[in-house]
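> My questions all concern the structure below.
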Amino acid sequence: MIKRLFSFRTRHLLYFDYLRWKARVFGKKLKNPPHAKLHLGCGFKRVEGWHNVDVLGSDQNVDLACGKLPWNNEVFDLVISQQVIEHLEIDIELEPLLKELHRCMKEGGEIWLACPDMEKVCRNYMEDGGASLVKDRISRHKNFSMNGVPDQHIINILFHQNYEHRNLFDFELLKWLMEKTGFSNITKESESSFNTRCPDIPQRHDDYMALYVKGFK
């Protein structure tokens with residue numbers, strides 16, 4: 001019945017909104033987490049020694065897009081988030097989230113953000129029409145296939161990803177937003193430097209298409 005009434009896109013968005021509502025209403029009311037390292041948007045990769053947070057199946061389910069985080073001021077000294085921020089609208093969801101993270105971080109605390117790199121994606125399109133991005137995706141996801149669609153469509157996949165992605169960033173855009181929300185000493189990094197800093201976080205092997213950025217409170 002639901003499938004007949006609503007499109008796949010609508011069902012997908014409704015389900016995610018349901019998870020966000022459930023996290024707000026039934027999520028743990030934990031204001032002082034047991035760990036000072038925050039793994040934001042962890043998916044199902046819960047890492048020991050970190051406070052692993054997502055909308056489902058985490059240590060503390062949280063709606064990251066609601067504009068308010070549940071924690072007290074200055075509880076985290078390290079925050080990391082990989083392949084999450086591109087899912088949020090810049091002005092009404094991501095900017096409030098970054099302001100809240102800044103509030104929840106200790107003075108001198110460190111934040112690492114990673115997302116698809118708009119510059120790399122656009123450059124790759126100009127160089128070979130997206131063929132290298134397809135090859136990179138297959139190297140990390142063995143079952144991925146373009147299903148006969150020309151390689152150029154990988155650009156649409158990265159920008160939209162089944163209606164989940166809201167925006168991509170290059171370094172200048174993300175730096176501007178981080179500075180606007182209170183962070184400083186922002187630098188462009190690499191996946192290898194992130195892995196060296198956080199060796200216990202599972203590696204994604206996504207440096208070919210990803211932007212890694214570090215900043216401080």
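Chain labels run A, B, ... following the order of the structure tokens; each chain numbers its residues from 1, and ligands are numbered from 1 in the order shown.
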Within 9 Å of Gln152 of chain A, counting only C-alpha atoms, which residues show up once you throw out same-chain ones fewer than 2 positions away? Write them as a PDB file with N, CA and C atoms, in the first residue's frame, please.

```
ATOM      1  N   TYR A 125      36.095  15.064 -13.777  1.00  0.00           N
ATOM      2  CA  TYR A 125      35.154  15.115 -14.899  1.00  0.00           C
ATOM      3  C   TYR A 125      35.805  15.762 -16.126  1.00  0.00           C
ATOM      4  N   ASP A 128      38.721  13.127 -17.559  1.00  0.00           N
ATOM      5  CA  ASP A 128      38.374  11.870 -18.226  1.00  0.00           C
ATOM      6  C   ASP A 128      36.893  11.523 -18.151  1.00  0.00           C
ATOM      7  N   GLY A 129      36.046  12.530 -17.899  1.00  0.00           N
ATOM      8  CA  GLY A 129      34.611  12.284 -17.899  1.00  0.00           C
ATOM      9  C   GLY A 129      34.122  11.414 -16.757  1.00  0.00           C
ATOM     10  N   GLY A 130      34.922  11.311 -15.697  1.00  0.00           N
ATOM     11  CA  GLY A 130      34.506  10.556 -14.526  1.00  0.00           C
ATOM     12  C   GLY A 130      34.986   9.121 -14.492  1.00  0.00           C
ATOM     13  N   ALA A 131      35.723   8.687 -15.499  1.00  0.00           N
ATOM     14  CA  ALA A 131      36.159   7.285 -15.568  1.00  0.00           C
ATOM     15  C   ALA A 131      37.019   6.892 -14.369  1.00  0.00           C
ATOM     16  N   VAL A 134      34.885   6.343 -11.299  1.00  0.00           N
ATOM     17  CA  VAL A 134      34.223   5.035 -11.350  1.00  0.00           C
ATOM     18  C   VAL A 134      35.204   3.941 -10.929  1.00  0.00           C
ATOM     19  N   VAL A 149      25.260   2.721 -17.661  1.00  0.00           N
ATOM     20  CA  VAL A 149      25.174   4.176 -17.827  1.00  0.00           C
ATOM     21  C   VAL A 149      26.588   4.727 -18.042  1.00  0.00           C
ATOM     22  N   PRO A 150      26.796   5.692 -18.925  1.00  0.00           N
ATOM     23  CA  PRO A 150      28.133   6.251 -19.151  1.00  0.00           C
ATOM     24  C   PRO A 150      28.775   6.776 -17.872  1.00  0.00           C
ATOM     25  N   ILE A 154      28.670   9.224 -12.800  1.00  0.00           N
ATOM     26  CA  ILE A 154      29.255   9.142 -11.453  1.00  0.00           C
ATOM     27  C   ILE A 154      29.263  10.516 -10.787  1.00  0.00           C
ATOM     28  N   ILE A 155      29.325  11.576 -11.580  1.00  0.00           N
ATOM     29  CA  ILE A 155      29.284  12.931 -11.027  1.00  0.00           C
ATOM     30  C   ILE A 155      27.931  13.164 -10.364  1.00  0.00           C
ATOM     31  N   ASN A 156      26.855  12.757 -11.018  1.00  0.00           N
ATOM     32  CA  ASN A 156      25.524  12.885 -10.426  1.00  0.00           C
ATOM     33  C   ASN A 156      25.397  12.040  -9.173  1.00  0.00           C
TER      34      ASN A 156
END
```
> Would you list the contacts of segment 165-176 of chain A as a PyMOL selection string, taking every protein, DNA or RNA residue within 12 Å and counting only C-alpha atoms, but skipping same-chain residues closer than 3 positions in sequence?
chain A and resi 13+83-95+98+112-123+155-162+179-190+209-216
> Nearest to Ile201 of chain A among A:Lys31, A:Arg20, A:Arg9, A:Arg46, with distances taken over only C-alpha atoms: which residue is it?
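Of the candidates, the smallest distance to Ile201 of chain A is held by A:Arg46.
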> Just list as a ChimeraX atom specification whatever in segment 86-161 of chain A DSSP marks as alpha helix (DSSP H).
/A:95-104,118-128,131-140,153-160
> Export N, CA, C and O atoms of the chosen residues as a compact mmCIF listing (two decimals), in the first residue's frame?

```
# COMPACT_ATOMS: atom_id res chain seq x y z
N GLU A 95 25.33 24.58 9.41
CA GLU A 95 25.85 25.71 10.19
C GLU A 95 25.45 25.61 11.66
O GLU A 95 26.30 25.76 12.55
N PRO A 96 24.17 25.33 11.99
CA PRO A 96 23.82 25.14 13.40
C PRO A 96 24.56 23.97 14.04
O PRO A 96 24.95 24.05 15.21
N LEU A 97 24.77 22.88 13.29
CA LEU A 97 25.49 21.74 13.85
C LEU A 97 26.92 22.12 14.21
O LEU A 97 27.41 21.77 15.30
N LEU A 98 27.61 22.83 13.33
CA LEU A 98 28.99 23.21 13.61
C LEU A 98 29.07 24.18 14.80
O LEU A 98 29.99 24.09 15.62
N LYS A 99 28.11 25.07 14.91
CA LYS A 99 28.08 25.97 16.07
C LYS A 99 27.90 25.17 17.36
O LYS A 99 28.53 25.47 18.38
N GLU A 100 27.04 24.17 17.32
CA GLU A 100 26.82 23.32 18.49
C GLU A 100 28.06 22.49 18.81
O GLU A 100 28.40 22.31 19.99
N LEU A 101 28.72 21.98 17.80
CA LEU A 101 29.95 21.24 18.05
C LEU A 101 31.00 22.14 18.69
O LEU A 101 31.72 21.72 19.61
N HIS A 102 31.09 23.36 18.20
CA HIS A 102 32.04 24.32 18.79
C HIS A 102 31.72 24.53 20.27
O HIS A 102 32.61 24.56 21.12
N ARG A 103 30.44 24.66 20.60
CA ARG A 103 30.03 24.83 22.00
C ARG A 103 30.40 23.62 22.85
O ARG A 103 30.84 23.77 24.01
N CYS A 104 30.27 22.44 22.30
CA CYS A 104 30.49 21.21 23.05
C CYS A 104 31.95 20.81 23.15
O CYS A 104 32.29 19.87 23.87
N MET A 118 34.51 18.65 -3.98
CA MET A 118 33.95 19.21 -5.21
C MET A 118 35.05 19.50 -6.24
O MET A 118 34.85 19.29 -7.45
N GLU A 119 36.20 19.98 -5.78
CA GLU A 119 37.29 20.29 -6.71
C GLU A 119 37.79 19.03 -7.40
O GLU A 119 37.98 19.01 -8.62
N LYS A 120 38.00 17.96 -6.63
CA LYS A 120 38.48 16.71 -7.22
C LYS A 120 37.45 16.13 -8.18
O LYS A 120 37.82 15.62 -9.26
N VAL A 121 36.19 16.18 -7.81
CA VAL A 121 35.13 15.64 -8.66
C VAL A 121 35.07 16.40 -9.99
O VAL A 121 35.02 15.79 -11.07
N CYS A 122 35.08 17.72 -9.92
CA CYS A 122 34.99 18.53 -11.14
C CYS A 122 36.24 18.37 -12.00
O CYS A 122 36.15 18.29 -13.23
N ARG A 123 37.41 18.32 -11.37
CA ARG A 123 38.64 18.16 -12.14
C ARG A 123 38.65 16.81 -12.85
O ARG A 123 39.05 16.70 -14.01
N ASN A 124 38.20 15.78 -12.13
CA ASN A 124 38.17 14.45 -12.73
C ASN A 124 37.22 14.39 -13.91
O ASN A 124 37.50 13.75 -14.92
N TYR A 125 36.10 15.06 -13.78
CA TYR A 125 35.15 15.11 -14.90
C TYR A 125 35.80 15.76 -16.13
O TYR A 125 35.65 15.27 -17.26
N MET A 126 36.54 16.86 -15.93
CA MET A 126 37.19 17.54 -17.04
C MET A 126 38.30 16.70 -17.65
O MET A 126 38.57 16.77 -18.85
N GLU A 127 38.97 15.90 -16.81
CA GLU A 127 40.11 15.12 -17.30
C GLU A 127 39.68 13.88 -18.07
O GLU A 127 40.24 13.57 -19.13
N ASP A 128 38.72 13.13 -17.56
CA ASP A 128 38.37 11.87 -18.23
C ASP A 128 36.89 11.52 -18.15
O ASP A 128 36.50 10.36 -18.28
N ALA A 131 35.72 8.69 -15.50
CA ALA A 131 36.16 7.28 -15.57
C ALA A 131 37.02 6.89 -14.37
O ALA A 131 36.88 5.78 -13.82
N SER A 132 37.92 7.78 -13.94
CA SER A 132 38.78 7.46 -12.80
C SER A 132 37.99 7.38 -11.50
O SER A 132 38.32 6.59 -10.61
N LEU A 133 36.94 8.20 -11.38
CA LEU A 133 36.09 8.14 -10.20
C LEU A 133 35.32 6.82 -10.14
O LEU A 133 35.13 6.24 -9.07
N VAL A 134 34.89 6.34 -11.30
CA VAL A 134 34.22 5.04 -11.35
C VAL A 134 35.20 3.94 -10.93
O VAL A 134 34.87 3.06 -10.12
N LYS A 135 36.41 3.99 -11.45
CA LYS A 135 37.43 3.01 -11.09
C LYS A 135 37.73 3.04 -9.60
O LYS A 135 37.85 1.99 -8.95
N ASP A 136 37.82 4.24 -9.03
CA ASP A 136 38.06 4.38 -7.60
C ASP A 136 36.91 3.80 -6.78
O ASP A 136 37.12 3.09 -5.80
N ARG A 137 35.68 4.08 -7.20
CA ARG A 137 34.51 3.56 -6.48
C ARG A 137 34.51 2.02 -6.50
O ARG A 137 34.24 1.38 -5.48
N ILE A 138 34.80 1.44 -7.64
CA ILE A 138 34.82 -0.02 -7.75
C ILE A 138 35.91 -0.62 -6.88
O ILE A 138 35.74 -1.69 -6.28
N SER A 139 37.05 0.08 -6.76
CA SER A 139 38.16 -0.44 -5.94
C SER A 139 37.78 -0.52 -4.47
O SER A 139 38.33 -1.34 -3.72
N ARG A 140 36.82 0.32 -4.04
CA ARG A 140 36.41 0.35 -2.63
C ARG A 140 35.09 -0.38 -2.39
O ARG A 140 34.80 -0.79 -1.26
N HIS A 153 27.94 9.79 -15.38
CA HIS A 153 26.87 9.76 -14.38
C HIS A 153 27.41 9.64 -12.95
O HIS A 153 26.70 9.95 -11.99
N ILE A 154 28.67 9.22 -12.80
CA ILE A 154 29.25 9.14 -11.45
C ILE A 154 29.26 10.52 -10.79
O ILE A 154 29.19 10.63 -9.56
N ILE A 155 29.33 11.58 -11.58
CA ILE A 155 29.28 12.93 -11.03
C ILE A 155 27.93 13.16 -10.36
O ILE A 155 27.85 13.70 -9.25
N ASN A 156 26.86 12.76 -11.02
CA ASN A 156 25.52 12.88 -10.43
C ASN A 156 25.40 12.04 -9.17
O ASN A 156 24.78 12.46 -8.19
N ILE A 157 25.97 10.85 -9.19
CA ILE A 157 25.91 9.98 -8.01
C ILE A 157 26.59 10.65 -6.82
O ILE A 157 26.06 10.67 -5.71
N LEU A 158 27.76 11.23 -7.04
CA LEU A 158 28.48 11.88 -5.95
C LEU A 158 27.76 13.13 -5.45
O LEU A 158 27.75 13.41 -4.25
N PHE A 159 27.15 13.87 -6.35
CA PHE A 159 26.46 15.09 -5.92
C PHE A 159 25.12 14.78 -5.26
O PHE A 159 24.69 15.52 -4.38
N HIS A 160 24.46 13.70 -5.65
CA HIS A 160 23.09 13.46 -5.17
C HIS A 160 22.93 12.20 -4.31
O HIS A 160 22.19 12.21 -3.33
```
> Pick out the residues sitting within 10 Å of Ser192 of chain A, and hand them over as a list of chain:residue names; count only C-alpha atoms, and ignore anything fewer than 6 positions along from it in its own chain.
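Everything that qualifies: A:Cys198, A:Pro199, A:Gln203, A:His205, A:Asp207, A:Tyr212.
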> For the residues in the current selection, export all heavy atoms as a compact mmCIF listing (two decimals), in the first residue's frame.

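Final file, out-v7.txt:
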```txt
# COMPACT_ATOMS: atom_id res chain seq x y z
N CYS A 198 44.12 9.37 13.95
CA CYS A 198 43.05 8.54 14.53
C CYS A 198 43.20 7.10 14.03
O CYS A 198 42.37 6.61 13.24
CB CYS A 198 41.69 9.09 14.14
SG CYS A 198 41.42 10.83 14.56
N PRO A 199 44.25 6.40 14.47
CA PRO A 199 44.53 5.07 13.92
C PRO A 199 43.47 4.02 14.26
O PRO A 199 43.41 2.98 13.59
CB PRO A 199 45.87 4.71 14.55
CG PRO A 199 45.93 5.52 15.82
CD PRO A 199 45.23 6.81 15.49
N GLN A 203 39.73 2.61 8.31
CA GLN A 203 40.14 3.37 7.13
C GLN A 203 39.09 3.25 6.03
O GLN A 203 38.49 2.20 5.83
CB GLN A 203 41.49 2.88 6.63
CG GLN A 203 42.62 3.13 7.61
CD GLN A 203 43.98 2.76 7.04
OE1 GLN A 203 44.16 2.71 5.82
NE2 GLN A 203 44.94 2.50 7.91
N HIS A 205 39.86 4.57 2.74
CA HIS A 205 40.59 4.52 1.47
C HIS A 205 39.89 5.37 0.41
O HIS A 205 39.74 4.97 -0.74
CB HIS A 205 40.72 3.07 0.98
CG HIS A 205 41.34 2.14 1.98
ND1 HIS A 205 42.69 2.20 2.30
CD2 HIS A 205 40.80 1.16 2.75
CE1 HIS A 205 42.96 1.27 3.22
NE2 HIS A 205 41.83 0.65 3.51
N ASP A 207 40.71 8.80 -0.24
CA ASP A 207 41.42 10.06 -0.45
C ASP A 207 41.32 10.53 -1.90
O ASP A 207 41.41 11.74 -2.17
CB ASP A 207 42.89 9.90 -0.06
CG ASP A 207 43.59 11.23 0.18
OD1 ASP A 207 42.98 12.10 0.82
OD2 ASP A 207 44.74 11.40 -0.27
N TYR A 212 39.70 16.25 3.18
CA TYR A 212 39.92 16.15 4.63
C TYR A 212 40.39 17.51 5.15
O TYR A 212 41.31 18.10 4.61
CB TYR A 212 40.98 15.09 4.94
CG TYR A 212 40.46 13.67 4.89
CD1 TYR A 212 40.28 13.02 3.68
CD2 TYR A 212 40.10 13.00 6.06
CE1 TYR A 212 39.78 11.72 3.63
CE2 TYR A 212 39.60 11.70 6.03
CZ TYR A 212 39.44 11.07 4.81
OH TYR A 212 38.94 9.79 4.77
```
